[in-house]
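Undergrad: So here's query-v7.txt, just compact mmCIF, C-alpha atoms:
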```
# COMPACT_ATOMS: atom_id res chain seq x y z
CA MET A 178 98.23 100.41 85.69
CA GLY A 179 97.51 103.03 83.01
CA LYS A 180 99.79 105.97 82.16
CA LEU A 181 97.66 108.41 84.16
CA ASP A 182 97.70 106.16 87.24
CA GLU A 183 101.45 105.69 86.86
CA LYS A 184 101.97 109.47 86.70
CA LYS A 185 99.86 109.97 89.82
CA LYS A 186 101.84 107.30 91.65
CA GLN A 187 105.12 108.94 90.61
CA LYS A 188 103.95 112.33 91.89
CA ARG A 189 102.74 110.84 95.17
CA ASP A 190 106.02 108.94 95.59
CA SER A 191 108.02 112.10 94.85
CA LEU A 192 106.12 113.99 97.53
CA LEU A 193 106.68 111.14 100.01
CA MET A 194 110.44 111.05 99.27
CA ALA A 195 110.71 114.84 99.58
CA ALA A 196 108.81 114.82 102.87
CA PHE A 197 110.97 112.02 104.28
CA ALA A 198 114.19 113.88 103.38
CA LEU A 199 112.93 117.10 104.96
CA PHE A 200 111.36 115.48 108.03
CA THR A 201 114.55 113.56 108.84
CA ASP A 202 116.75 116.62 108.18
CA LYS A 203 114.71 119.52 109.62
CA GLY A 204 111.99 117.80 111.63
CA ILE A 205 108.25 117.91 111.01
CA ASN A 206 107.62 121.15 112.91
CA ASP A 207 110.21 123.05 110.85
CA THR A 208 109.03 121.67 107.52
CA SER A 209 106.24 123.41 105.62
CA ILE A 210 104.03 122.08 102.84
CA SER A 211 105.70 124.63 100.54
CA ASP A 212 109.09 123.10 101.43
CA ILE A 213 107.83 119.62 100.52
CA ALA A 214 106.29 120.75 97.23
CA ARG A 215 109.42 122.74 96.29
CA LYS A 216 111.73 119.78 97.04
CA ALA A 217 109.48 117.52 94.92
CA ASN A 218 109.54 120.13 92.08
CA MET A 219 105.77 120.60 92.21
CA ALA A 220 103.30 123.38 92.84
CA LYS A 221 101.99 123.64 96.39
CA GLY A 222 98.46 122.95 95.13
CA THR A 223 99.59 119.55 93.80
CA PHE A 224 100.40 118.50 97.36
CA TYR A 225 96.72 118.81 98.32
CA LEU A 226 95.65 116.46 95.55
CA TYR A 227 97.38 113.64 97.45
CA PHE A 228 97.51 114.67 101.13
CA LYS A 229 95.36 116.73 103.54
CA ASP A 230 98.25 118.31 105.44
CA LYS A 231 101.78 117.55 106.60
CA PHE A 232 100.53 115.25 109.37
CA ASP A 233 98.62 113.22 106.81
CA ILE A 234 101.77 112.80 104.68
CA ARG A 235 103.72 111.96 107.86
CA ASP A 236 101.27 109.17 108.75
CA LYS A 237 101.25 107.81 105.20
CA LEU A 238 105.04 107.99 105.13
CA ILE A 239 105.35 106.00 108.35
CA ALA A 240 102.91 103.39 107.04
CA ASN A 241 104.80 103.30 103.73
CA LYS A 242 108.29 103.00 105.27
CA ALA A 243 107.22 100.53 107.95
CA GLY A 244 105.33 98.54 105.31
CA GLN A 245 108.56 98.25 103.28
CA ILE A 246 110.38 96.92 106.35
CA PHE A 247 107.65 94.35 107.04
CA ARG A 248 107.56 93.23 103.39
CA ARG A 249 111.32 92.71 103.37
CA ALA A 250 111.10 90.69 106.60
CA LEU A 251 108.39 88.51 105.02
CA GLU A 252 110.54 88.00 101.92
CA GLU A 253 113.48 86.93 104.11
CA ILE A 254 111.44 84.38 106.06
CA ASN A 255 110.08 82.72 102.89
CA GLY A 256 111.83 79.42 102.36
CA VAL A 257 113.32 79.36 105.88
CA SER A 258 112.44 76.26 107.86
CA LEU A 259 111.54 77.14 111.45
CA SER A 260 109.81 74.88 113.95
CA SER A 261 108.01 77.00 116.53
CA LEU A 262 105.88 80.14 116.62
CA GLU A 263 108.54 81.76 118.79
CA ASP A 264 111.24 80.99 116.20
CA HIS A 265 109.14 82.61 113.44
CA VAL A 266 108.40 85.73 115.50
CA ILE A 267 112.04 86.11 116.57
CA PHE A 268 113.25 85.67 112.98
CA LEU A 269 110.90 88.45 111.82
CA VAL A 270 111.90 90.71 114.74
CA ASN A 271 115.61 90.18 113.99
CA SER A 272 115.05 91.06 110.34
CA ILE A 273 113.22 94.27 111.29
CA VAL A 274 115.82 95.25 113.91
CA ASN A 275 118.69 94.64 111.46
CA GLN A 276 117.00 96.82 108.83
CA LEU A 277 116.51 99.65 111.34
CA ASN A 278 120.13 99.29 112.44
CA GLN A 279 121.23 99.75 108.82
CA ASP A 280 119.01 102.83 108.32
CA LYS A 281 119.23 104.90 111.49
CA SER A 282 117.44 107.92 109.98
CA LEU A 283 114.44 105.66 109.35
CA LEU A 284 114.54 104.43 112.96
CA LYS A 285 114.61 108.02 114.27
CA PHE A 286 111.71 109.01 112.05
CA ILE A 287 109.50 106.01 112.87
CA SER A 288 110.25 106.07 116.62
CA LYS A 289 109.53 109.78 116.96
CA ASN A 290 106.24 109.63 115.11
CA LEU A 291 104.89 106.19 115.91
CA SER A 292 101.23 105.67 116.72
CA TRP A 293 99.55 102.29 116.84
CA GLY A 294 96.84 103.28 114.33
CA VAL A 295 99.42 104.25 111.72
CA PHE A 296 101.48 101.17 112.49
CA GLN A 297 98.42 98.94 112.03
CA LYS A 298 98.04 100.31 108.50
CA ALA A 299 101.64 99.29 107.80
CA LEU A 300 101.02 95.83 109.24
CA LEU A 301 98.03 95.42 106.91
CA GLN A 302 99.82 96.59 103.75
CA GLU A 303 99.93 93.75 101.28
CA ASN A 304 103.12 92.47 99.72
CA ASP A 305 102.95 93.27 96.00
CA ALA A 306 104.44 89.87 95.10
CA ASP A 307 101.97 87.55 96.82
CA GLY A 308 99.21 89.69 98.34
CA ASP A 309 100.31 88.69 101.85
CA SER A 310 100.59 91.20 104.69
CA PHE A 311 102.57 91.06 107.92
CA TYR A 312 99.31 91.01 109.89
CA HIS A 313 97.87 88.12 107.87
CA ARG A 314 101.13 86.19 108.15
CA TYR A 315 101.10 86.74 111.92
CA TYR A 316 97.61 85.24 112.20
CA PHE A 317 98.60 82.40 109.87
CA LEU A 318 101.53 81.57 112.18
CA LEU A 319 99.25 81.65 115.23
CA ASN A 320 96.77 79.26 113.55
CA GLN A 321 99.55 77.02 112.26
CA SER A 322 100.98 76.69 115.79
CA GLY A 323 97.73 75.04 116.93
CA ARG A 324 97.89 77.16 120.09
CA LYS A 325 95.26 79.56 121.45
CA PHE A 326 95.99 83.06 122.70
CA ARG A 327 93.90 85.40 124.85
CA ASN A 328 94.42 88.54 122.78
CA PRO A 329 96.59 88.16 119.65
CA ASP A 330 96.34 91.87 118.76
CA LEU A 331 97.52 92.88 122.24
CA MET A 332 100.36 90.36 122.00
CA LEU A 333 101.51 91.85 118.69
CA TYR A 334 101.16 95.40 120.04
CA MET A 335 103.31 94.54 123.07
CA ILE A 336 106.01 92.96 120.90
CA VAL A 337 106.07 95.95 118.50
CA GLU A 338 106.25 98.45 121.37
CA LEU A 339 108.94 96.44 123.13
CA VAL A 340 111.11 96.27 120.01
CA ASN A 341 110.57 99.97 119.22
CA SER A 342 111.33 101.24 122.72
CA THR A 343 114.31 99.01 123.54
CA CYS A 344 116.06 99.24 120.18
CA HIS A 345 115.89 103.02 119.83
CA ASN A 346 118.68 103.97 122.29
CA VAL A 347 120.64 100.77 121.74
CA ILE A 348 120.89 101.32 117.98
CA LEU A 349 121.38 105.09 118.08
CA GLN A 350 123.64 105.44 121.14
CA GLN A 351 124.74 101.87 121.92
CA GLU A 352 123.35 102.45 125.42
CA PRO A 353 122.93 100.80 127.86
CA VAL A 354 124.28 97.85 125.82
CA THR A 355 125.16 96.97 122.23
CA LEU A 356 122.57 95.58 119.84
CA GLU A 357 124.21 92.15 119.95
CA GLU A 358 123.93 92.16 123.77
CA LEU A 359 120.29 93.26 123.58
CA LYS A 360 119.10 90.69 121.05
CA PRO A 361 119.13 87.57 123.32
CA GLU A 362 117.39 89.51 126.11
CA LEU A 363 114.82 90.86 123.65
CA CYS A 364 114.16 87.35 122.33
CA GLY A 365 113.67 86.07 125.88
CA VAL A 366 111.11 88.76 126.71
CA ILE A 367 109.26 88.16 123.42
CA CYS A 368 109.02 84.44 124.29
CA ASP A 369 107.71 85.42 127.75
CA ILE A 370 105.03 87.66 126.18
CA ILE A 371 103.91 84.82 123.90
CA LYS A 372 103.86 82.33 126.79
CA ARG A 373 101.94 84.75 129.04
CA GLN A 374 99.27 85.28 126.35
CA GLU A 375 98.83 81.56 125.64
CA ILE A 376 95.68 79.84 126.87
CA CYS A 377 96.79 76.51 128.30
```
Once more with this new file: its structure as structure tokens, please.
TA:
Amino acid sequence: MGKLDEKKKQKRDSLLMAAFALFTDKGINDTSISDIARKANMAKGTFYLYFKDKFDIRDKLIANKAGQIFRRALEEINGVSLSSLEDHVIFLVNSIVNQLNQDKSLLKFISKNLSWGVFQKALLQENDADGDSFYHRYYFLLNQSGRKFRNPDLMLYMIVELVNSTCHNVILQQEPVTLEELKPELCGVICDIIKRQEIC
């Protein structure tokens, strides 16, 4: 990466960090583009060199933050010996849930603003270290299992939505149960989703 590209990346990253701080503090509706540019120490016009509007930066921010979570989960699973597809999926889910539990502001932000299209972009983001993405790893695990599934994308969507919706209140309010109480139930339902999608 040349110096010019590095500078552009730094400016884009500064705008993303400023937007995340403001969105999690004030909310998207109460944050203006001027607020984001000011917090990033840039002119308002600079914002438009990188993003169309605040909803564009929101979507890119979700993809960026979720992509970081997925990359960390993939790093954690490397070198771990697991036997079944279910064990791999549950390991990845536990890694993601634990990360969201450690960063509750990130959970609030992602849960409030989640759309499947944006989430798909995060799933497809490649890991800088090995060029792998969460989505590609998912399909690799499916192929490696030797099993056939009716609709792998739907299966992944259902698992992502299940984790997002059930963990939100449990992590933020410890209701209706604690996270440790939820995890075995969550794992059971994930296994049921996988089994239901399998073509026998």
Undergrad: Set the distance at 7 Å and use only C-alpha atoms: which residues neighbour Ile348 of chain A once local chain neighbours fewer than 4 positions away are removed? I'd like the list as a count of residues only.
TA: 3
Undergrad: So what do you get for atom CA of Val274 of chain A versus atom CA of Lys325 of chain A, distance-wise?
TA: 26.9 Å
Undergrad: Rank nothing, just name the residue among A:Ile371, A:Ile376, A:Leu300, A:Phe197 nearest to Ile267 of chain A, using only C-alpha atoms.
TA: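 Checking each of A:Ile371, A:Ile376, A:Leu300, A:Phe197 against Ile267 of chain A, counting only C-alpha atoms, the winner is A:Ile371.
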Undergrad: Fewer than 5 positions away in the same chain doesn't count, so skip those; otherwise give me all residues within 12 Å of Phe247 of chain A, counting all atoms listed in the file, as a ChimeraX atom specification.
TA: /A:239-242,252-254,268-277,296-304,309-315,337
Undergrad: Near Thr208 of chain A, within 12 Å and counting only C-alpha atoms, which residues show up once chain neighbours fewer than 6 positions away are dropped, as a list in words?
TA: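 In the requested format, the answer is Ala195, Ala196, Phe197, Ala198, Leu199, Phe200, Thr201, Asp202, Ala214, Arg215, Lys216, Asp230, Lys231, Phe232, Ile234 and Arg235 of chain A.
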Undergrad: Give me the residues near Ile370 of chain A as a PyMOL selection string, where near means some atom within 8 Å (using all atoms listed in the file) and where sequence neighbours in that chain fewer than 2 positions away do not count.
TA: chain A and resi 332+335-336+366-368+372-374
Undergrad: For atom CA of Lys281 of chain A and atom CA of Ile246 of chain A, determine how far apart the two atoms are, in Å to one decimal place.
TA: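 Between these atoms lies a distance of 13.0 Å.
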Undergrad: Between A:Gly256, A:Gly222, A:Gly244, A:Gly179, which residue has the minimum interatomic distance to Ile287 of chain A, considering only C-alpha atoms?
TA: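 For Ile287 of chain A, the nearest of the candidates is A:Gly244.
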Undergrad: Using atom CA of Asn328 of chain A and atom CA of Ser261 of chain A as the two end points, give the distance in Å to one decimal.
TA: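 Separating atom CA of Asn328 of chain A from atom CA of Ser261 of chain A is a distance of 18.9 Å.
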Undergrad: With all atoms listed in the file as the basis for distance, which of A:Val340, A:Val266, A:Leu359, A:Leu331 is at the shortest distance from Leu318 of chain A?
TA: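 Closest to Leu318 of chain A, using all atoms listed in the file: A:Val266.
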Undergrad: When you count all atoms listed in the file, which of these residues is closest to Tyr316 of chain A: A:Lys360, A:Asp212, A:Met194, A:Asp330?
TA: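 Residue with the minimum atom-to-atom distance to Tyr316 of chain A: A:Asp330.
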Undergrad: Return the padded bounding box of segment 338-356 of chain A as JSON: axis-aligned, built from all atoms listed in the file, 3 Å added on each side, with centre and edge lengths in Å to one decimal.
TA:
```
{"center_x": 115.7, "center_y": 100.5, "center_z": 122.9, "size_x": 24.9, "size_y": 15.9, "size_z": 15.9}
```
Undergrad: Measuring between only C-alpha atoms, which one of A:Leu192, A:Ala243, A:Ala250, A:Leu259 shows the shortest distance to Asn341 of chain A?
TA: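 With only C-alpha atoms as the atom set, the closest residue is A:Ala243.
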